[in-house]
Structure formats: structure tokens, C-alpha cells
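Everything on this sheet refers to the single structure shown next.
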Amino acid sequence: MVVNQKQPFVVGLGGTLRVGSSTEHALRLCLSAVERHGGRTALFCGADIDLPMYNPHDQFRTDKAAALVTALRAADAVVVASPGYHGAISGLVKNALDYVEDLRGDPRAYLENTPWGCIGCAYGWQAAVGTLGQLRSIGHALRAWPTPLGVAINSTSAVFNDDGSLIDETVGAQLDLLAAQLIGGPGWVT
């Protein structure tokens, strides 16, 4: 077995427009775990992904959209966190993911063979798990490899303090395992 010694670059995308949402906290904790495991990270959340509606026929990209596309193009792994709104991923996250279409003509089309982590946060298990399933399906459509573990977070329970610190150690352990799977996924061990 040969292990790639390159420090993996993991892009985190998600959250809501509300600063400090549980979705943003979970994404930040996962990226912190990636860094503890030896990876480099970039975070795109909240205002970073408040982008114009994706239009594949318009080649103009705002600075924020261009930065997201550039980071995704360079990503060795991606982790996406979405709130569950009405049983589905948020429009904010879906629109940001639509920008992956700009990678269709790249040598690595879309996110082919890229580890893809998923975090679904919602006020109840049904929406959290449904959102998680949708994120996994989107990852497959983008030719990525969803990690074996996806993290569903039920925010009806106390998971984070007001300052964003973790209360629920089970969720913390899941986010840490997800981080380890992201940097140990396809392409890192051959």
C-alpha cells in the first residue's frame, strides 16, 4: 500500500444566512477536525454562498462565485452542510452547489472521485435524515464518493451552546469520524 503524503485540501460549503446557525457550527467543527487530522481547509458559508442564481449560459461570475469555483476545482475532498427546510436542502446551498457545473469540462469533470461528506441539520429527525439523503444523492450526481458516514443533527436537542461550543459529544465524535473519512477517502490510499 502506498499512502499519498500530500496534505489534503478540504472545502466546506454550507450553513445559512444566520450567522452562528447549528449548520454553520457543525461545518466549522468538521473542518477543525480535518485540520487536526492533517488537512488544509477552506470554508464557504452564509454570506460566502449568497450568490446570484446559477445561470450556465452566463459566463460572468461574481468574485464570491469565482472563489468558490476555484476552491472546488482544487479540492481533494468536499463537505457540505445544509439545514433541512421543509424536508429538503436549502435553496442557498443548492444554488451554491449548482456552480459545480462550471467544472464540467475540467480534466476531473465535476468532482469525480472526490470524497464527499454530508451534514444535515434540522428541527427533527425526519428532515435531518431526508436532507442528508439528498446531499448524498447530489454527491453521486457530481461523480463524488459520499463518505460511509453522513451526520444527521436533530437541533431539537441541545447540540451547541450559544457561543457555538459543542454540548453533544456524540455529534462531536461523528464529525471527527467524518473528517477522518474525508481525508482518508478515495485517492489518498492506493
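Chains: A, B, ... in order of the C-alpha cells. Residues: from 1 per chain. Ligands: from 1, in order shown.
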
* Name the residues of region 67-172 of chain A that come out as strand (DSSP E) in a backbone DSSP run; write them as JSON, numbers by chain. => {"A": [77, 78, 79, 80, 81, 82, 83, 84, 85, 88, 89, 115, 116, 117, 118, 119, 120, 121, 122, 145, 146, 151, 152, 153, 154]}

* Could you give me, as a list in words, the residues within 10 Å of Glu101 (chain A), counting only C-alpha atoms and dropping anything in the same chain fewer than 4 positions from it? => Tyr54, Asn55, Pro56, Val69, Leu97, Gly105, Ala109, Tyr110, Leu111 and Leu142 of chain A

Selected residues written out with all heavy atoms, as an mmCIF file, in the first residue's frame:
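Ended up saving to result_39.cif:
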data_model
loop_
_atom_site.group_PDB
_atom_site.id
_atom_site.type_symbol
_atom_site.label_atom_id
_atom_site.label_comp_id
_atom_site.auth_asym_id
_atom_site.auth_seq_id
_atom_site.Cartn_x
_atom_site.Cartn_y
_atom_site.Cartn_z
ATOM 1 N N TYR A 54 -27.556 30.538 -10.167
ATOM 2 C CA TYR A 54 -26.645 29.979 -11.149
ATOM 3 C C TYR A 54 -27.299 29.993 -12.531
ATOM 4 O O TYR A 54 -28.434 29.568 -12.701
ATOM 5 C CB TYR A 54 -26.258 28.537 -10.785
ATOM 6 C CG TYR A 54 -25.328 27.953 -11.813
ATOM 7 C CD1 TYR A 54 -24.005 28.360 -11.873
ATOM 8 C CD2 TYR A 54 -25.783 27.040 -12.752
ATOM 9 C CE1 TYR A 54 -23.150 27.857 -12.833
ATOM 10 C CE2 TYR A 54 -24.925 26.530 -13.718
ATOM 11 C CZ TYR A 54 -23.621 26.949 -13.755
ATOM 12 O OH TYR A 54 -22.779 26.465 -14.720
ATOM 13 N N ASN A 55 -26.554 30.489 -13.518
ATOM 14 C CA ASN A 55 -27.012 30.523 -14.898
ATOM 15 C C ASN A 55 -25.888 29.971 -15.772
ATOM 16 O O ASN A 55 -24.878 30.638 -15.982
ATOM 17 C CB ASN A 55 -27.354 31.959 -15.319
ATOM 18 C CG ASN A 55 -27.821 32.048 -16.752
ATOM 19 O OD1 ASN A 55 -27.769 31.076 -17.512
ATOM 20 N ND2 ASN A 55 -28.267 33.226 -17.141
ATOM 21 N N PRO A 56 -26.044 28.741 -16.280
ATOM 22 C CA PRO A 56 -24.963 28.146 -17.067
ATOM 23 C C PRO A 56 -24.694 28.872 -18.378
ATOM 24 O O PRO A 56 -23.633 28.692 -18.977
ATOM 25 C CB PRO A 56 -25.458 26.718 -17.321
ATOM 26 C CG PRO A 56 -26.932 26.802 -17.214
ATOM 27 C CD PRO A 56 -27.219 27.872 -16.204
ATOM 28 N N VAL A 69 -15.765 28.423 -7.000
ATOM 29 C CA VAL A 69 -15.442 27.514 -8.104
ATOM 30 C C VAL A 69 -13.955 27.170 -8.095
ATOM 31 O O VAL A 69 -13.571 26.007 -8.271
ATOM 32 C CB VAL A 69 -15.882 28.110 -9.464
ATOM 33 C CG1 VAL A 69 -15.337 27.306 -10.631
ATOM 34 C CG2 VAL A 69 -17.410 28.193 -9.529
ATOM 35 N N LEU A 97 -24.170 24.802 -4.866
ATOM 36 C CA LEU A 97 -23.734 23.546 -5.483
ATOM 37 C C LEU A 97 -23.935 23.548 -6.997
ATOM 38 O O LEU A 97 -23.202 22.872 -7.714
ATOM 39 C CB LEU A 97 -24.468 22.364 -4.852
ATOM 40 C CG LEU A 97 -24.069 22.047 -3.414
ATOM 41 C CD1 LEU A 97 -24.978 20.975 -2.832
ATOM 42 C CD2 LEU A 97 -22.606 21.640 -3.340
ATOM 43 N N GLY A 105 -16.205 20.710 -17.819
ATOM 44 C CA GLY A 105 -15.223 20.498 -18.877
ATOM 45 C C GLY A 105 -13.799 20.317 -18.377
ATOM 46 O O GLY A 105 -12.873 20.203 -19.173
ATOM 47 N N ALA A 109 -13.807 15.959 -14.381
ATOM 48 C CA ALA A 109 -15.151 16.506 -14.586
ATOM 49 C C ALA A 109 -15.921 16.537 -13.266
ATOM 50 O O ALA A 109 -15.900 15.567 -12.499
ATOM 51 C CB ALA A 109 -15.913 15.675 -15.610
ATOM 52 N N TYR A 110 -16.572 17.672 -13.030
ATOM 53 C CA TYR A 110 -17.338 17.876 -11.796
ATOM 54 C C TYR A 110 -16.427 17.596 -10.601
ATOM 55 O O TYR A 110 -15.378 18.195 -10.481
ATOM 56 C CB TYR A 110 -18.615 17.036 -11.789
ATOM 57 C CG TYR A 110 -19.528 17.370 -12.954
ATOM 58 C CD1 TYR A 110 -19.635 16.531 -14.053
ATOM 59 C CD2 TYR A 110 -20.261 18.550 -12.951
ATOM 60 C CE1 TYR A 110 -20.453 16.856 -15.126
ATOM 61 C CE2 TYR A 110 -21.094 18.882 -14.025
ATOM 62 C CZ TYR A 110 -21.177 18.037 -15.113
ATOM 63 O OH TYR A 110 -21.983 18.361 -16.170
ATOM 64 N N LEU A 111 -16.791 16.655 -9.741
ATOM 65 C CA LEU A 111 -15.975 16.303 -8.579
ATOM 66 C C LEU A 111 -15.652 14.815 -8.609
ATOM 67 O O LEU A 111 -15.649 14.131 -7.588
ATOM 68 C CB LEU A 111 -16.703 16.684 -7.286
ATOM 69 C CG LEU A 111 -16.893 18.190 -7.082
ATOM 70 C CD1 LEU A 111 -17.850 18.470 -5.944
ATOM 71 C CD2 LEU A 111 -15.559 18.886 -6.856
ATOM 72 N N LEU A 142 -22.688 14.408 -8.871
ATOM 73 C CA LEU A 142 -21.481 15.170 -9.197
ATOM 74 C C LEU A 142 -20.252 14.272 -9.332
ATOM 75 O O LEU A 142 -19.129 14.762 -9.404
ATOM 76 C CB LEU A 142 -21.241 16.251 -8.134
ATOM 77 C CG LEU A 142 -22.314 17.328 -8.068
ATOM 78 C CD1 LEU A 142 -22.066 18.267 -6.893
ATOM 79 C CD2 LEU A 142 -22.396 18.094 -9.373
#

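With CA of Ala47 (chain A) on one side and CA of Trp145 (chain A) on the other, the separation reads 27.1 Å.
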
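Of the listed residues A:Ser137, A:Gln174, A:Thr156, A:Thr41, the one whose atoms come nearest to Ala77 (chain A) is A:Thr41, with distances taken using only C-alpha atoms.
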
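Taking CA of Ser82 (chain A) and CA of Thr131 (chain A) as the two end points, the separation is 7.2 Å.
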
Using the chain letters and numbers from this document, which residues of region 25-178 of chain A does DSSP assign to alpha helix (DSSP H), as a PDB file with N, CA and C atoms, in the first residue's frame?
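Ended up saving to out-v2.pdb:
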ATOM      1  N   HIS A  25     -22.123  25.866  12.698  1.00  0.00           N
ATOM      2  CA  HIS A  25     -21.299  25.329  13.794  1.00  0.00           C
ATOM      3  C   HIS A  25     -20.804  23.921  13.460  1.00  0.00           C
ATOM      4  N   ALA A  26     -21.699  23.081  12.961  1.00  0.00           N
ATOM      5  CA  ALA A  26     -21.321  21.704  12.626  1.00  0.00           C
ATOM      6  C   ALA A  26     -20.256  21.685  11.532  1.00  0.00           C
ATOM      7  N   LEU A  27     -20.429  22.512  10.510  1.00  0.00           N
ATOM      8  CA  LEU A  27     -19.463  22.570   9.415  1.00  0.00           C
ATOM      9  C   LEU A  27     -18.101  23.045   9.919  1.00  0.00           C
ATOM     10  N   ARG A  28     -18.099  24.074  10.743  1.00  0.00           N
ATOM     11  CA  ARG A  28     -16.837  24.583  11.301  1.00  0.00           C
ATOM     12  C   ARG A  28     -16.140  23.520  12.159  1.00  0.00           C
ATOM     13  N   LEU A  29     -16.911  22.796  12.964  1.00  0.00           N
ATOM     14  CA  LEU A  29     -16.315  21.745  13.791  1.00  0.00           C
ATOM     15  C   LEU A  29     -15.732  20.627  12.936  1.00  0.00           C
ATOM     16  N   CYS A  30     -16.411  20.265  11.866  1.00  0.00           N
ATOM     17  CA  CYS A  30     -15.894  19.233  10.976  1.00  0.00           C
ATOM     18  C   CYS A  30     -14.587  19.693  10.332  1.00  0.00           C
ATOM     19  N   LEU A  31     -14.538  20.937   9.872  1.00  0.00           N
ATOM     20  CA  LEU A  31     -13.304  21.441   9.254  1.00  0.00           C
ATOM     21  C   LEU A  31     -12.175  21.557  10.273  1.00  0.00           C
ATOM     22  N   SER A  32     -12.495  21.901  11.515  1.00  0.00           N
ATOM     23  CA  SER A  32     -11.470  21.920  12.563  1.00  0.00           C
ATOM     24  C   SER A  32     -10.905  20.524  12.777  1.00  0.00           C
ATOM     25  N   ALA A  33     -11.777  19.513  12.719  1.00  0.00           N
ATOM     26  CA  ALA A  33     -11.325  18.126  12.855  1.00  0.00           C
ATOM     27  C   ALA A  33     -10.448  17.724  11.669  1.00  0.00           C
ATOM     28  N   VAL A  34     -10.798  18.190  10.469  1.00  0.00           N
ATOM     29  CA  VAL A  34      -9.964  17.922   9.291  1.00  0.00           C
ATOM     30  C   VAL A  34      -8.555  18.460   9.538  1.00  0.00           C
ATOM     31  N   GLU A  35      -8.461  19.669  10.067  1.00  0.00           N
ATOM     32  CA  GLU A  35      -7.160  20.273  10.338  1.00  0.00           C
ATOM     33  C   GLU A  35      -6.396  19.487  11.404  1.00  0.00           C
ATOM     34  N   ARG A  36      -7.094  19.002  12.435  1.00  0.00           N
ATOM     35  CA  ARG A  36      -6.435  18.173  13.462  1.00  0.00           C
ATOM     36  C   ARG A  36      -5.901  16.877  12.859  1.00  0.00           C
ATOM     37  N   ASP A  63     -17.075  37.790  -7.711  1.00  0.00           N
ATOM     38  CA  ASP A  63     -15.840  37.399  -7.026  1.00  0.00           C
ATOM     39  C   ASP A  63     -16.087  36.231  -6.081  1.00  0.00           C
ATOM     40  N   LYS A  64     -17.223  36.265  -5.353  1.00  0.00           N
ATOM     41  CA  LYS A  64     -17.531  35.168  -4.419  1.00  0.00           C
ATOM     42  C   LYS A  64     -17.764  33.862  -5.165  1.00  0.00           C
ATOM     43  N   ALA A  65     -18.485  33.908  -6.270  1.00  0.00           N
ATOM     44  CA  ALA A  65     -18.740  32.690  -7.056  1.00  0.00           C
ATOM     45  C   ALA A  65     -17.440  32.148  -7.647  1.00  0.00           C
ATOM     46  N   ALA A  66     -16.599  33.049  -8.157  1.00  0.00           N
ATOM     47  CA  ALA A  66     -15.317  32.614  -8.739  1.00  0.00           C
ATOM     48  C   ALA A  66     -14.425  31.980  -7.672  1.00  0.00           C
ATOM     49  N   ALA A  67     -14.416  32.541  -6.459  1.00  0.00           N
ATOM     50  CA  ALA A  67     -13.607  31.973  -5.377  1.00  0.00           C
ATOM     51  C   ALA A  67     -14.102  30.572  -5.014  1.00  0.00           C
ATOM     52  N   LEU A  68     -15.419  30.380  -4.976  1.00  0.00           N
ATOM     53  CA  LEU A  68     -15.975  29.065  -4.676  1.00  0.00           C
ATOM     54  C   LEU A  68     -15.600  28.054  -5.750  1.00  0.00           C
ATOM     55  N   VAL A  69     -15.765  28.423  -7.000  1.00  0.00           N
ATOM     56  CA  VAL A  69     -15.442  27.514  -8.104  1.00  0.00           C
ATOM     57  C   VAL A  69     -13.955  27.170  -8.095  1.00  0.00           C
ATOM     58  N   THR A  70     -13.101  28.153  -7.853  1.00  0.00           N
ATOM     59  CA  THR A  70     -11.654  27.914  -7.798  1.00  0.00           C
ATOM     60  C   THR A  70     -11.307  26.940  -6.680  1.00  0.00           C
ATOM     61  N   ALA A  71     -11.912  27.132  -5.518  1.00  0.00           N
ATOM     62  CA  ALA A  71     -11.640  26.236  -4.392  1.00  0.00           C
ATOM     63  C   ALA A  71     -12.137  24.825  -4.684  1.00  0.00           C
ATOM     64  N   LEU A  72     -13.334  24.705  -5.242  1.00  0.00           N
ATOM     65  CA  LEU A  72     -13.871  23.374  -5.563  1.00  0.00           C
ATOM     66  C   LEU A  72     -13.010  22.679  -6.615  1.00  0.00           C
ATOM     67  N   ARG A  73     -12.492  23.430  -7.541  1.00  0.00           N
ATOM     68  CA  ARG A  73     -11.621  22.872  -8.575  1.00  0.00           C
ATOM     69  C   ARG A  73     -10.349  22.282  -7.943  1.00  0.00           C
ATOM     70  N   ALA A  74      -9.858  22.905  -6.895  1.00  0.00           N
ATOM     71  CA  ALA A  74      -8.630  22.458  -6.241  1.00  0.00           C
ATOM     72  C   ALA A  74      -8.878  21.443  -5.119  1.00  0.00           C
ATOM     73  N   GLY A  91     -32.323  26.292  -0.453  1.00  0.00           N
ATOM     74  CA  GLY A  91     -32.060  26.884  -1.764  1.00  0.00           C
ATOM     75  C   GLY A  91     -30.689  27.532  -1.817  1.00  0.00           C
ATOM     76  N   LEU A  92     -30.243  28.109  -0.702  1.00  0.00           N
ATOM     77  CA  LEU A  92     -28.931  28.738  -0.632  1.00  0.00           C
ATOM     78  C   LEU A  92     -27.830  27.724  -0.935  1.00  0.00           C
ATOM     79  N   VAL A  93     -27.899  26.555  -0.291  1.00  0.00           N
ATOM     80  CA  VAL A  93     -26.883  25.513  -0.503  1.00  0.00           C
ATOM     81  C   VAL A  93     -27.016  24.927  -1.896  1.00  0.00           C
ATOM     82  N   LYS A  94     -28.235  24.658  -2.336  1.00  0.00           N
ATOM     83  CA  LYS A  94     -28.434  24.070  -3.671  1.00  0.00           C
ATOM     84  C   LYS A  94     -27.891  24.989  -4.757  1.00  0.00           C
ATOM     85  N   ASN A  95     -28.158  26.278  -4.658  1.00  0.00           N
ATOM     86  CA  ASN A  95     -27.657  27.213  -5.668  1.00  0.00           C
ATOM     87  C   ASN A  95     -26.134  27.236  -5.682  1.00  0.00           C
ATOM     88  N   ALA A  96     -25.500  27.216  -4.506  1.00  0.00           N
ATOM     89  CA  ALA A  96     -24.034  27.201  -4.459  1.00  0.00           C
ATOM     90  C   ALA A  96     -23.506  25.929  -5.113  1.00  0.00           C
ATOM     91  N   LEU A  97     -24.170  24.802  -4.866  1.00  0.00           N
ATOM     92  CA  LEU A  97     -23.734  23.546  -5.483  1.00  0.00           C
ATOM     93  C   LEU A  97     -23.935  23.548  -6.997  1.00  0.00           C
ATOM     94  N   ASP A  98     -24.896  24.301  -7.486  1.00  0.00           N
ATOM     95  CA  ASP A  98     -25.097  24.382  -8.932  1.00  0.00           C
ATOM     96  C   ASP A  98     -23.874  24.941  -9.646  1.00  0.00           C
ATOM     97  N   TRP A 125     -35.761  14.679  13.369  1.00  0.00           N
ATOM     98  CA  TRP A 125     -35.005  13.641  12.674  1.00  0.00           C
ATOM     99  C   TRP A 125     -35.427  13.456  11.232  1.00  0.00           C
ATOM    100  N   GLN A 126     -36.723  13.549  10.950  1.00  0.00           N
ATOM    101  CA  GLN A 126     -37.184  13.280   9.579  1.00  0.00           C
ATOM    102  C   GLN A 126     -36.523  14.214   8.576  1.00  0.00           C
ATOM    103  N   ALA A 127     -36.538  15.502   8.850  1.00  0.00           N
ATOM    104  CA  ALA A 127     -35.932  16.461   7.922  1.00  0.00           C
ATOM    105  C   ALA A 127     -34.405  16.351   7.912  1.00  0.00           C
ATOM    106  N   ALA A 128     -33.792  16.069   9.077  1.00  0.00           N
ATOM    107  CA  ALA A 128     -32.326  15.941   9.121  1.00  0.00           C
ATOM    108  C   ALA A 128     -31.866  14.762   8.271  1.00  0.00           C
ATOM    109  N   VAL A 129     -32.538  13.633   8.403  1.00  0.00           N
ATOM    110  CA  VAL A 129     -32.159  12.449   7.641  1.00  0.00           C
ATOM    111  C   VAL A 129     -32.516  12.615   6.160  1.00  0.00           C
ATOM    112  N   GLY A 130     -33.665  13.217   5.861  1.00  0.00           N
ATOM    113  CA  GLY A 130     -34.039  13.467   4.462  1.00  0.00           C
ATOM    114  C   GLY A 130     -33.047  14.387   3.769  1.00  0.00           C
ATOM    115  N   THR A 131     -32.618  15.421   4.471  1.00  0.00           N
ATOM    116  CA  THR A 131     -31.630  16.355   3.920  1.00  0.00           C
ATOM    117  C   THR A 131     -30.311  15.640   3.675  1.00  0.00           C
ATOM    118  N   LEU A 132     -29.907  14.811   4.623  1.00  0.00           N
ATOM    119  CA  LEU A 132     -28.687  14.029   4.465  1.00  0.00           C
ATOM    120  C   LEU A 132     -28.756  13.153   3.218  1.00  0.00           C
ATOM    121  N   GLY A 133     -29.893  12.492   3.003  1.00  0.00           N
ATOM    122  CA  GLY A 133     -30.065  11.647   1.822  1.00  0.00           C
ATOM    123  C   GLY A 133     -29.964  12.441   0.532  1.00  0.00           C
ATOM    124  N   GLN A 134     -30.546  13.632   0.512  1.00  0.00           N
ATOM    125  CA  GLN A 134     -30.466  14.474  -0.685  1.00  0.00           C
ATOM    126  C   GLN A 134     -29.031  14.894  -0.964  1.00  0.00           C
ATOM    127  N   LEU A 135     -28.287  15.246   0.078  1.00  0.00           N
ATOM    128  CA  LEU A 135     -26.888  15.638  -0.120  1.00  0.00           C
ATOM    129  C   LEU A 135     -26.070  14.481  -0.680  1.00  0.00           C
ATOM    130  N   ARG A 136     -26.332  13.276  -0.204  1.00  0.00           N
ATOM    131  CA  ARG A 136     -25.614  12.109  -0.723  1.00  0.00           C
ATOM    132  C   ARG A 136     -25.950  11.891  -2.202  1.00  0.00           C
ATOM    133  N   SER A 137     -27.227  12.041  -2.567  1.00  0.00           N
ATOM    134  CA  SER A 137     -27.629  11.888  -3.972  1.00  0.00           C
ATOM    135  C   SER A 137     -26.977  12.938  -4.860  1.00  0.00           C
ATOM    136  N   ILE A 138     -26.893  14.160  -4.372  1.00  0.00           N
ATOM    137  CA  ILE A 138     -26.238  15.223  -5.136  1.00  0.00           C
ATOM    138  C   ILE A 138     -24.763  14.881  -5.330  1.00  0.00           C
ATOM    139  N   GLY A 139     -24.116  14.384  -4.289  1.00  0.00           N
ATOM    140  CA  GLY A 139     -22.716  13.970  -4.405  1.00  0.00           C
ATOM    141  C   GLY A 139     -22.538  12.919  -5.488  1.00  0.00           C
ATOM    142  N   HIS A 140     -23.427  11.921  -5.517  1.00  0.00           N
ATOM    143  CA  HIS A 140     -23.358  10.899  -6.576  1.00  0.00           C
ATOM    144  C   HIS A 140     -23.517  11.539  -7.950  1.00  0.00           C
ATOM    145  N   ALA A 141     -24.461  12.465  -8.090  1.00  0.00           N
ATOM    146  CA  ALA A 141     -24.693  13.121  -9.376  1.00  0.00           C
ATOM    147  C   ALA A 141     -23.476  13.921  -9.829  1.00  0.00           C
ATOM    148  N   GLU A 169     -21.433  15.344  22.792  1.00  0.00           N
ATOM    149  CA  GLU A 169     -20.173  14.689  22.431  1.00  0.00           C
ATOM    150  C   GLU A 169     -20.362  13.618  21.354  1.00  0.00           C
ATOM    151  N   THR A 170     -21.546  13.034  21.261  1.00  0.00           N
ATOM    152  CA  THR A 170     -21.800  12.050  20.209  1.00  0.00           C
ATOM    153  C   THR A 170     -21.710  12.713  18.846  1.00  0.00           C
ATOM    154  N   VAL A 171     -22.299  13.891  18.710  1.00  0.00           N
ATOM    155  CA  VAL A 171     -22.204  14.638  17.454  1.00  0.00           C
ATOM    156  C   VAL A 171     -20.749  14.994  17.180  1.00  0.00           C
ATOM    157  N   GLY A 172     -20.014  15.401  18.210  1.00  0.00           N
ATOM    158  CA  GLY A 172     -18.592  15.721  18.032  1.00  0.00           C
ATOM    159  C   GLY A 172     -17.803  14.532  17.519  1.00  0.00           C
ATOM    160  N   ALA A 173     -18.070  13.353  18.062  1.00  0.00           N
ATOM    161  CA  ALA A 173     -17.373  12.145  17.609  1.00  0.00           C
ATOM    162  C   ALA A 173     -17.734  11.818  16.163  1.00  0.00           C
ATOM    163  N   GLN A 174     -18.996  12.030  15.797  1.00  0.00           N
ATOM    164  CA  GLN A 174     -19.409  11.772  14.416  1.00  0.00           C
ATOM    165  C   GLN A 174     -18.730  12.738  13.450  1.00  0.00           C
ATOM    166  N   LEU A 175     -18.652  14.012  13.821  1.00  0.00           N
ATOM    167  CA  LEU A 175     -17.998  14.995  12.953  1.00  0.00           C
ATOM    168  C   LEU A 175     -16.508  14.700  12.819  1.00  0.00           C
ATOM    169  N   ASP A 176     -15.885  14.217  13.890  1.00  0.00           N
ATOM    170  CA  ASP A 176     -14.478  13.847  13.833  1.00  0.00           C
ATOM    171  C   ASP A 176     -14.267  12.645  12.907  1.00  0.00           C
ATOM    172  N   LEU A 177     -15.129  11.649  13.005  1.00  0.00           N
ATOM    173  CA  LEU A 177     -15.024  10.483  12.126  1.00  0.00           C
ATOM    174  C   LEU A 177     -15.260  10.883  10.668  1.00  0.00           C
ATOM    175  N   LEU A 178     -16.230  11.758  10.427  1.00  0.00           N
ATOM    176  CA  LEU A 178     -16.471  12.250   9.072  1.00  0.00           C
ATOM    177  C   LEU A 178     -15.219  12.928   8.519  1.00  0.00           C
TER     178      LEU A 178
END

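Across the structure, CA of Gly14 (chain A) and CA of Trp116 (chain A) are spaced 13.0 Å apart.
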
* Contacts of Gly117 (chain A) within 6 Å, only C-alpha atoms, excl. fewer than 4 positions in-chain, as a count of residues only -> 3

* Asked: With distances taken over only C-alpha atoms, which of A:Glu112, A:Asp50, A:Asp102, A:Asp76 is nearest to Lys6 (chain A)?
  -> A:Asp76

Polymer residues at most 8 Å from Pro8 (chain A), only C-alpha atoms, same-chain spacing of 4 or more positions, as a PDB file with N, CA and C atoms, in the first residue's frame:
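around_0.pdb, written as the output of this step:
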ATOM      1  N   GLY A  38      -4.691  16.688   9.906  1.00  0.00           N
ATOM      2  CA  GLY A  38      -3.606  16.995   8.985  1.00  0.00           C
ATOM      3  C   GLY A  38      -4.010  17.624   7.666  1.00  0.00           C
ATOM      4  N   GLY A  39      -5.267  17.965   7.499  1.00  0.00           N
ATOM      5  CA  GLY A  39      -5.710  18.576   6.252  1.00  0.00           C
ATOM      6  C   GLY A  39      -5.702  20.095   6.295  1.00  0.00           C
ATOM      7  N   ARG A  40      -5.790  20.683   5.109  1.00  0.00           N
ATOM      8  CA  ARG A  40      -5.975  22.128   4.952  1.00  0.00           C
ATOM      9  C   ARG A  40      -7.432  22.347   4.602  1.00  0.00           C
ATOM     10  N   ALA A  75     -10.123  21.223  -4.765  1.00  0.00           N
ATOM     11  CA  ALA A  75     -10.455  20.403  -3.596  1.00  0.00           C
ATOM     12  C   ALA A  75     -10.072  18.942  -3.770  1.00  0.00           C
ATOM     13  N   ASP A  76      -9.491  18.398  -2.718  1.00  0.00           N
ATOM     14  CA  ASP A  76      -9.242  16.964  -2.643  1.00  0.00           C
ATOM     15  C   ASP A  76     -10.442  16.255  -2.012  1.00  0.00           C
ATOM     16  N   ALA A  77     -11.246  17.005  -1.261  1.00  0.00           N
ATOM     17  CA  ALA A  77     -12.463  16.495  -0.643  1.00  0.00           C
ATOM     18  C   ALA A  77     -13.388  17.680  -0.388  1.00  0.00           C
ATOM     19  N   ILE A 183     -10.423  12.819   4.626  1.00  0.00           N
ATOM     20  CA  ILE A 183      -9.013  12.864   4.228  1.00  0.00           C
ATOM     21  C   ILE A 183      -8.403  11.482   4.062  1.00  0.00           C
TER      22      ILE A 183
END

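Comparing the minimum interatomic distances between Gly12 (chain A) and each of A:Val78, A:Ala179, A:Cys121, A:Val159, counting only C-alpha atoms, we find that A:Val78 sits nearest.
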